[in-house]
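Visitor: Have a look at this one before I ask anything.
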Amino acid sequence: MEKILEFEEIISETNSDQRNILLGNGFSRAFDEERFNYSSLLDSPSIPFYIKRIFKTFNTYDFEVIIKKLESSAQLLKAYDRRLTTSDRLYQEAINLREELINRILEIHPLSQNDIEKDRMFKTLVFLSNFHKIFTLNYDCLLYWVLLNREDFLKKYSNMEIFKMDDGFRPYYNELAWKQKETQNVFYLHGALHIYKKDNGLMCKPQNDGRYLMDIIKENIYNNKYPLIVTEGSSKNKLNKILKENNDYLSYCYSKLNEIKGVLFIHGHSLDKKDKHIFDAISKNLKIKRVYISLCSKEEYQDKREKADTFFAKREREKTLDVNFYDADNIDIW
């Protein structure tokens, strides 16, 4: 077994490099193992098997797609023959599925950042400040809430500097809209629960109006403003949603992963083939010279080494990429 490196040791050795990080579900699970140990919003046992079959028929994990299909089918049947009770059932199934989406989101999440101790988020800010660009595959709101606490951190620790982590959203009339690509250094590769697309195509996130963020997301879903999240099960389908569904935000974030250079930390990801599109992009990016992959325990090494070989062996043989592993168990992120 190759040497398992210490995180602080790597940070010290890469001070002259541009450091980037890709966050996987392990980042959220480090906050709350039980709450964030999930694979799909569709896994809920309260979703009937025949509804899951509809998802399978249309080869999607996207709640918005299926809800809209149920609603449009109900409208069609009602227009065809008002006596058909099937149309009413389809309307009800759409309502039930929308409720289930809301319930699953609320099941996973704290209601707001106020439910998380400030010191926990400050620790996360210190950890993230080691990196120039932050990419995440998580669509929960933990990272978003952490970023909102930079000013509070600087007030408490005036002798420390935390660089500005910028998601590209700015005030725009009565919205917070995705407008500032030039300074953006935080990228939600699979979207996020707090990001939604308006009818005019503008990507937005909620303004802070004093309500819990989860309540705003719930209201948005009721008003057919669905979260921009990639919930597809396969890498192929995920990439299709990112690149082929006319979504400028997702495709832009993905393109930035293809442009980074220097050093990339892959933190809290199992290297599962469901995200093959992400690791293919990393492998094809010849400007990335070193990759550091986190391990929760030494027992994980063999499995992750074999998975890493699947994506990076060719470049390792060509000596254009150096792949290493580091101990994540000793990093106090939260």
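Please note that chains go A, B, ... in the order of the structure tokens, that every chain numbers its residues from 1, and that ligands are numbered from 1 in the order shown.
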Show which residues sit within 8 Å of Lys133 in chain A, as a PyMOL selection string. Count only C-alpha atoms, and ignore same-chain residues fewer than 5 positions away.

Guide: chain A and resi 19-21+185-186

Visitor: For the selection just defined, write its residues with N, CA and C atoms to a file, as a compact mmCIF listing (two decimals), in the first residue's frame.

Guide:
```txt
# COMPACT_ATOMS: atom_id res chain seq x y z
N ARG A 19 -4.74 25.41 -5.94
CA ARG A 19 -5.44 24.27 -5.36
C ARG A 19 -6.93 24.37 -5.61
N ASN A 20 -7.53 23.27 -6.02
CA ASN A 20 -8.97 23.18 -6.27
C ASN A 20 -9.51 21.99 -5.49
N ILE A 21 -10.81 22.02 -5.20
CA ILE A 21 -11.41 20.90 -4.47
C ILE A 21 -12.74 20.51 -5.10
N ASN A 185 -16.06 31.46 -8.19
CA ASN A 185 -15.10 30.41 -7.85
C ASN A 185 -15.75 29.26 -7.06
N VAL A 186 -17.08 29.27 -6.98
CA VAL A 186 -17.84 28.18 -6.36
C VAL A 186 -18.83 27.66 -7.40
```

Visitor: Which residues come within 12 Å of Met1 in chain A, counting only C-alpha atoms, excluding same-chain residues fewer than 4 positions away, as a list in words?

Guide: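 Within the cut-off, the hits are Leu5, Lys298, Glu299, Glu300, Tyr301, Gln302, Asp303, Lys304, Arg305, Glu306, Asn324 and Phe325 of chain A.
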
Visitor: For the atom pair CA of Leu189 in chain A and CA of Thr136 in chain A, what is the interatomic distance in Å to one decimal place?

Guide: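 It comes out at 6.0 Å.
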
Visitor: Restricting the calculation to only C-alpha atoms: of A:Glu33, A:Glu2, A:Asp280, A:Asp167, which residue gets closest to Phe312 in chain A?

Guide: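 Under the stated criterion, the closest residue is A:Asp280.
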
Visitor: So which residues touch Arg35 in chain A within 10 Å, counting only C-alpha atoms, skipping near sequence neighbours fewer than 5 positions away, as a ChimeraX atom specification?

Guide: /A:28-29,107-110

Visitor: Taking the backbone alone, and naming residues the way the document does, which bits of range 198-330 of chain A are strand (DSSP E) by DSSP, as a VMD selection string?

Guide: chain A and resid 203 to 205 227 to 229 262 to 267 288 to 295 322 to 327

Visitor: What does the file look like for those residues with C-alpha atoms, as a PDB file, in the first residue's frame?

Guide:
```pdb
ATOM      1  CA  MET A 203     -30.999  31.464 -12.891  1.00  0.00           C
ATOM      2  CA  CYS A 204     -31.896  32.712  -9.403  1.00  0.00           C
ATOM      3  CA  LYS A 205     -31.664  31.938  -5.711  1.00  0.00           C
ATOM      4  CA  PRO A 227     -34.862  23.338  -7.720  1.00  0.00           C
ATOM      5  CA  LEU A 228     -32.156  22.950 -10.338  1.00  0.00           C
ATOM      6  CA  ILE A 229     -30.808  19.550  -9.295  1.00  0.00           C
ATOM      7  CA  GLY A 262      -2.567  22.579 -10.816  1.00  0.00           C
ATOM      8  CA  VAL A 263      -3.830  20.459  -7.938  1.00  0.00           C
ATOM      9  CA  LEU A 264      -7.249  18.896  -7.347  1.00  0.00           C
ATOM     10  CA  PHE A 265      -8.457  17.438  -4.049  1.00  0.00           C
ATOM     11  CA  ILE A 266     -11.345  14.950  -4.360  1.00  0.00           C
ATOM     12  CA  HIS A 267     -12.902  15.050  -0.919  1.00  0.00           C
ATOM     13  CA  ILE A 288      -4.334  19.073 -13.698  1.00  0.00           C
ATOM     14  CA  LYS A 289      -0.993  17.624 -12.618  1.00  0.00           C
ATOM     15  CA  ARG A 290      -1.802  16.138  -9.216  1.00  0.00           C
ATOM     16  CA  VAL A 291      -4.911  14.596  -7.685  1.00  0.00           C
ATOM     17  CA  TYR A 292      -5.344  13.927  -3.968  1.00  0.00           C
ATOM     18  CA  ILE A 293      -8.171  11.563  -2.989  1.00  0.00           C
ATOM     19  CA  SER A 294      -9.570  11.450   0.547  1.00  0.00           C
ATOM     20  CA  LEU A 295      -9.871   8.280   2.623  1.00  0.00           C
ATOM     21  CA  ASP A 322       0.259  12.034 -10.016  1.00  0.00           C
ATOM     22  CA  VAL A 323      -2.497  10.376  -7.930  1.00  0.00           C
ATOM     23  CA  ASN A 324      -2.170  10.300  -4.143  1.00  0.00           C
ATOM     24  CA  PHE A 325      -4.375   9.522  -1.139  1.00  0.00           C
ATOM     25  CA  TYR A 326      -4.796  11.418   2.122  1.00  0.00           C
ATOM     26  CA  ASP A 327      -6.342  10.757   5.512  1.00  0.00           C
TER      27      ASP A 327
END
```

Visitor: Interatomic distance between CA of Lys261 in chain A and CA of Ser283 in chain A?

Guide: 11.8 Å

Visitor: Restrict the calculation to only C-alpha atoms, then for each residue of range 209-317 of chain A with any atom at most 9 Å from an atom of range 62-72 of chain A give the closest atom pair and their distance in Å to one decimal, rows by chain and rising residue number, as JSON lines.

Guide:
```
{"residue": "A:Asn224", "atom": "CA", "partner": "A:Glu64", "partner_atom": "CA", "distance": 8.4}
{"residue": "A:Tyr226", "atom": "CA", "partner": "A:Glu64", "partner_atom": "CA", "distance": 6.6}
{"residue": "A:Pro227", "atom": "CA", "partner": "A:Glu64", "partner_atom": "CA", "distance": 8.7}
{"residue": "A:Ile229", "atom": "CA", "partner": "A:Asp62", "partner_atom": "CA", "distance": 8.1}
{"residue": "A:Val230", "atom": "CA", "partner": "A:Asp62", "partner_atom": "CA", "distance": 7.3}
{"residue": "A:Thr231", "atom": "CA", "partner": "A:Asp62", "partner_atom": "CA", "distance": 5.8}
{"residue": "A:Glu232", "atom": "CA", "partner": "A:Asp62", "partner_atom": "CA", "distance": 6.5}
```

Visitor: Export, as a short mmCIF file (atom, residue, chain, number, x, y, z; two decimals), in the first residue's frame, the selected residues with all heavy atoms.

Guide:
```cif
data_model
loop_
_atom_site.label_atom_id
_atom_site.label_comp_id
_atom_site.auth_asym_id
_atom_site.auth_seq_id
_atom_site.Cartn_x
_atom_site.Cartn_y
_atom_site.Cartn_z
N ASN A 224 -44.42 25.79 -8.83
CA ASN A 224 -43.78 25.21 -10.03
C ASN A 224 -42.44 25.83 -10.36
O ASN A 224 -42.01 25.84 -11.52
CB ASN A 224 -44.73 25.32 -11.24
CG ASN A 224 -45.96 24.45 -11.09
OD1 ASN A 224 -45.85 23.31 -10.61
ND2 ASN A 224 -47.11 24.96 -11.45
N TYR A 226 -39.08 24.74 -9.61
CA TYR A 226 -38.40 23.58 -9.05
C TYR A 226 -36.91 23.83 -8.89
O TYR A 226 -36.30 24.54 -9.68
CB TYR A 226 -38.64 22.35 -9.94
CG TYR A 226 -40.07 21.87 -9.90
CD1 TYR A 226 -41.01 22.36 -10.79
CD2 TYR A 226 -40.48 20.95 -8.95
CE1 TYR A 226 -42.32 21.94 -10.75
CE2 TYR A 226 -41.79 20.51 -8.90
CZ TYR A 226 -42.72 21.01 -9.80
OH TYR A 226 -44.02 20.61 -9.75
N PRO A 227 -36.31 23.20 -7.88
CA PRO A 227 -34.86 23.34 -7.72
C PRO A 227 -34.12 22.78 -8.93
O PRO A 227 -34.54 21.79 -9.53
CB PRO A 227 -34.55 22.48 -6.48
CG PRO A 227 -35.85 22.28 -5.79
CD PRO A 227 -36.91 22.33 -6.85
N ILE A 229 -31.63 20.63 -9.85
CA ILE A 229 -30.81 19.55 -9.30
C ILE A 229 -30.72 18.41 -10.30
O ILE A 229 -31.70 18.09 -10.98
CB ILE A 229 -31.34 19.03 -7.94
CG1 ILE A 229 -32.84 18.69 -8.03
CG2 ILE A 229 -31.08 20.03 -6.84
CD1 ILE A 229 -33.41 18.11 -6.74
N VAL A 230 -29.55 17.82 -10.39
CA VAL A 230 -29.32 16.68 -11.28
C VAL A 230 -29.49 15.42 -10.43
O VAL A 230 -28.62 15.08 -9.62
CB VAL A 230 -27.92 16.72 -11.91
CG1 VAL A 230 -27.68 15.50 -12.78
CG2 VAL A 230 -27.75 18.00 -12.73
N THR A 231 -30.61 14.73 -10.59
CA THR A 231 -30.91 13.56 -9.76
C THR A 231 -30.90 12.27 -10.57
O THR A 231 -31.27 11.22 -10.06
CB THR A 231 -32.29 13.72 -9.09
OG1 THR A 231 -33.28 13.95 -10.10
CG2 THR A 231 -32.30 14.89 -8.12
N GLU A 232 -30.49 12.35 -11.83
CA GLU A 232 -30.44 11.16 -12.67
C GLU A 232 -29.52 10.10 -12.06
O GLU A 232 -28.55 10.41 -11.38
CB GLU A 232 -29.94 11.52 -14.07
CG GLU A 232 -31.03 12.01 -15.01
CD GLU A 232 -31.69 13.30 -14.57
OE1 GLU A 232 -31.09 14.06 -13.80
OE2 GLU A 232 -32.82 13.56 -14.98
#
```

Visitor: Using only C-alpha atoms, find the one residue out of A:Trp145, A:Tyr139, A:Tyr222, A:Phe131 that sits nearest to Lys164 in chain A.

Guide: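 Distance minimum relative to Lys164 in chain A lands on A:Phe131.
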
Visitor: Determine which residues of range 58-194 of chain A DSSP labels as alpha helix (DSSP H) from the backbone of this structure, then write them out as number ranges by chain.

Guide: A: 63-80, 86-108, 118-128, 142-147, 150-156

Visitor: In terms of the shortest atom-to-atom distance over only C-alpha atoms, which of A:Glu9, A:Asn285, A:Asp88, A:Phe122 is closest to Lys155 in chain A?

Guide: A:Phe122

Visitor: For Asp119 in chain A, work out the shell of residues within 10 Å, counting only C-alpha atoms and skipping chain neighbours fewer than 4 positions away, then give it as number ranges by chain.

Guide: A: 123-125, 153, 334

Visitor: Can you work out which one of A:Tyr61, A:Asn103, A:Ile162, A:Phe279 has the shortest atom-to-atom distance to Asp215 in chain A, counting only C-alpha atoms?

Guide: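 Looking only at the distances to Asp215 in chain A, the closest residue turns out to be A:Asn103.
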
Visitor: Which residues, written as a tab-separated table (two decimals) with N, CA and C atoms, in the first residue's frame, have at least one atom at most 9 Å from Lys273 in chain A, with only C-alpha atoms counted and residues fewer than 4 positions away on the same chain left out?

Guide:
```tsv
chain	number	residue	atom	x	y	z
A	234	SER	N	-27.71	7.54	-13.70
A	234	SER	CA	-26.50	7.13	-14.42
A	234	SER	C	-25.68	8.34	-14.84
A	235	SER	N	-24.38	8.10	-15.03
A	235	SER	CA	-23.49	9.17	-15.46
A	235	SER	C	-23.92	9.73	-16.82
A	277	HIS	N	-18.78	10.93	-15.63
A	277	HIS	CA	-18.62	12.14	-16.45
A	277	HIS	C	-17.72	13.17	-15.77
A	279	PHE	N	-15.21	12.40	-13.53
A	279	PHE	CA	-13.82	11.90	-13.50
A	279	PHE	C	-13.22	11.82	-14.90
A	307	LYS	N	-10.68	1.97	-8.10
A	307	LYS	CA	-11.59	2.88	-8.82
A	307	LYS	C	-10.81	4.02	-9.47
```

Visitor: Skipping near chain neighbours, those fewer than 5 positions away, what residues fall within 7 Å of range 246-260 of chain A using only C-alpha atoms, listed as a list in words?

Guide: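 The filter keeps Phe187, Tyr188, Leu189, His190, Gly191, Ala281, Ile282, Asn285, Lys287 and Ile288 of chain A.
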
Visitor: May I ask for the distance between CA of Asp329 in chain A and CA of Glu316 in chain A, given in Å to one decimal place?

Guide: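 Between CA of Asp329 in chain A and CA of Glu316 in chain A the gap is 26.0 Å.
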
Visitor: Can you list, as number ranges by chain, every protein, DNA or RNA residue that comes within 10 Å of Gly233 in chain A when you count only C-alpha atoms, leaving out same-chain residues fewer than 4 positions away?

Guide: A: 39-40, 42, 59-62, 237-238, 274-275

Visitor: Store the residues of this selection in a file with C-alpha atoms, as a PDB file, in the first residue's frame.

Guide:
```pdb
ATOM      1  CA  SER A  39     -28.410   8.263  -2.593  1.00  0.00           C
ATOM      2  CA  SER A  40     -31.530   9.577  -4.277  1.00  0.00           C
ATOM      3  CA  LEU A  42     -36.529   8.744  -5.279  1.00  0.00           C
ATOM      4  CA  ASN A  59     -35.511   7.065 -17.946  1.00  0.00           C
ATOM      5  CA  THR A  60     -35.266   9.929 -15.470  1.00  0.00           C
ATOM      6  CA  TYR A  61     -34.891  10.632 -11.761  1.00  0.00           C
ATOM      7  CA  ASP A  62     -36.171  14.181 -12.207  1.00  0.00           C
ATOM      8  CA  ASN A 237     -28.092  10.720 -18.034  1.00  0.00           C
ATOM      9  CA  LYS A 238     -26.457  13.205 -15.678  1.00  0.00           C
ATOM     10  CA  LYS A 274     -22.380   7.107 -11.476  1.00  0.00           C
ATOM     11  CA  ASP A 275     -20.190  10.218 -11.675  1.00  0.00           C
TER      12      ASP A 275
END
```
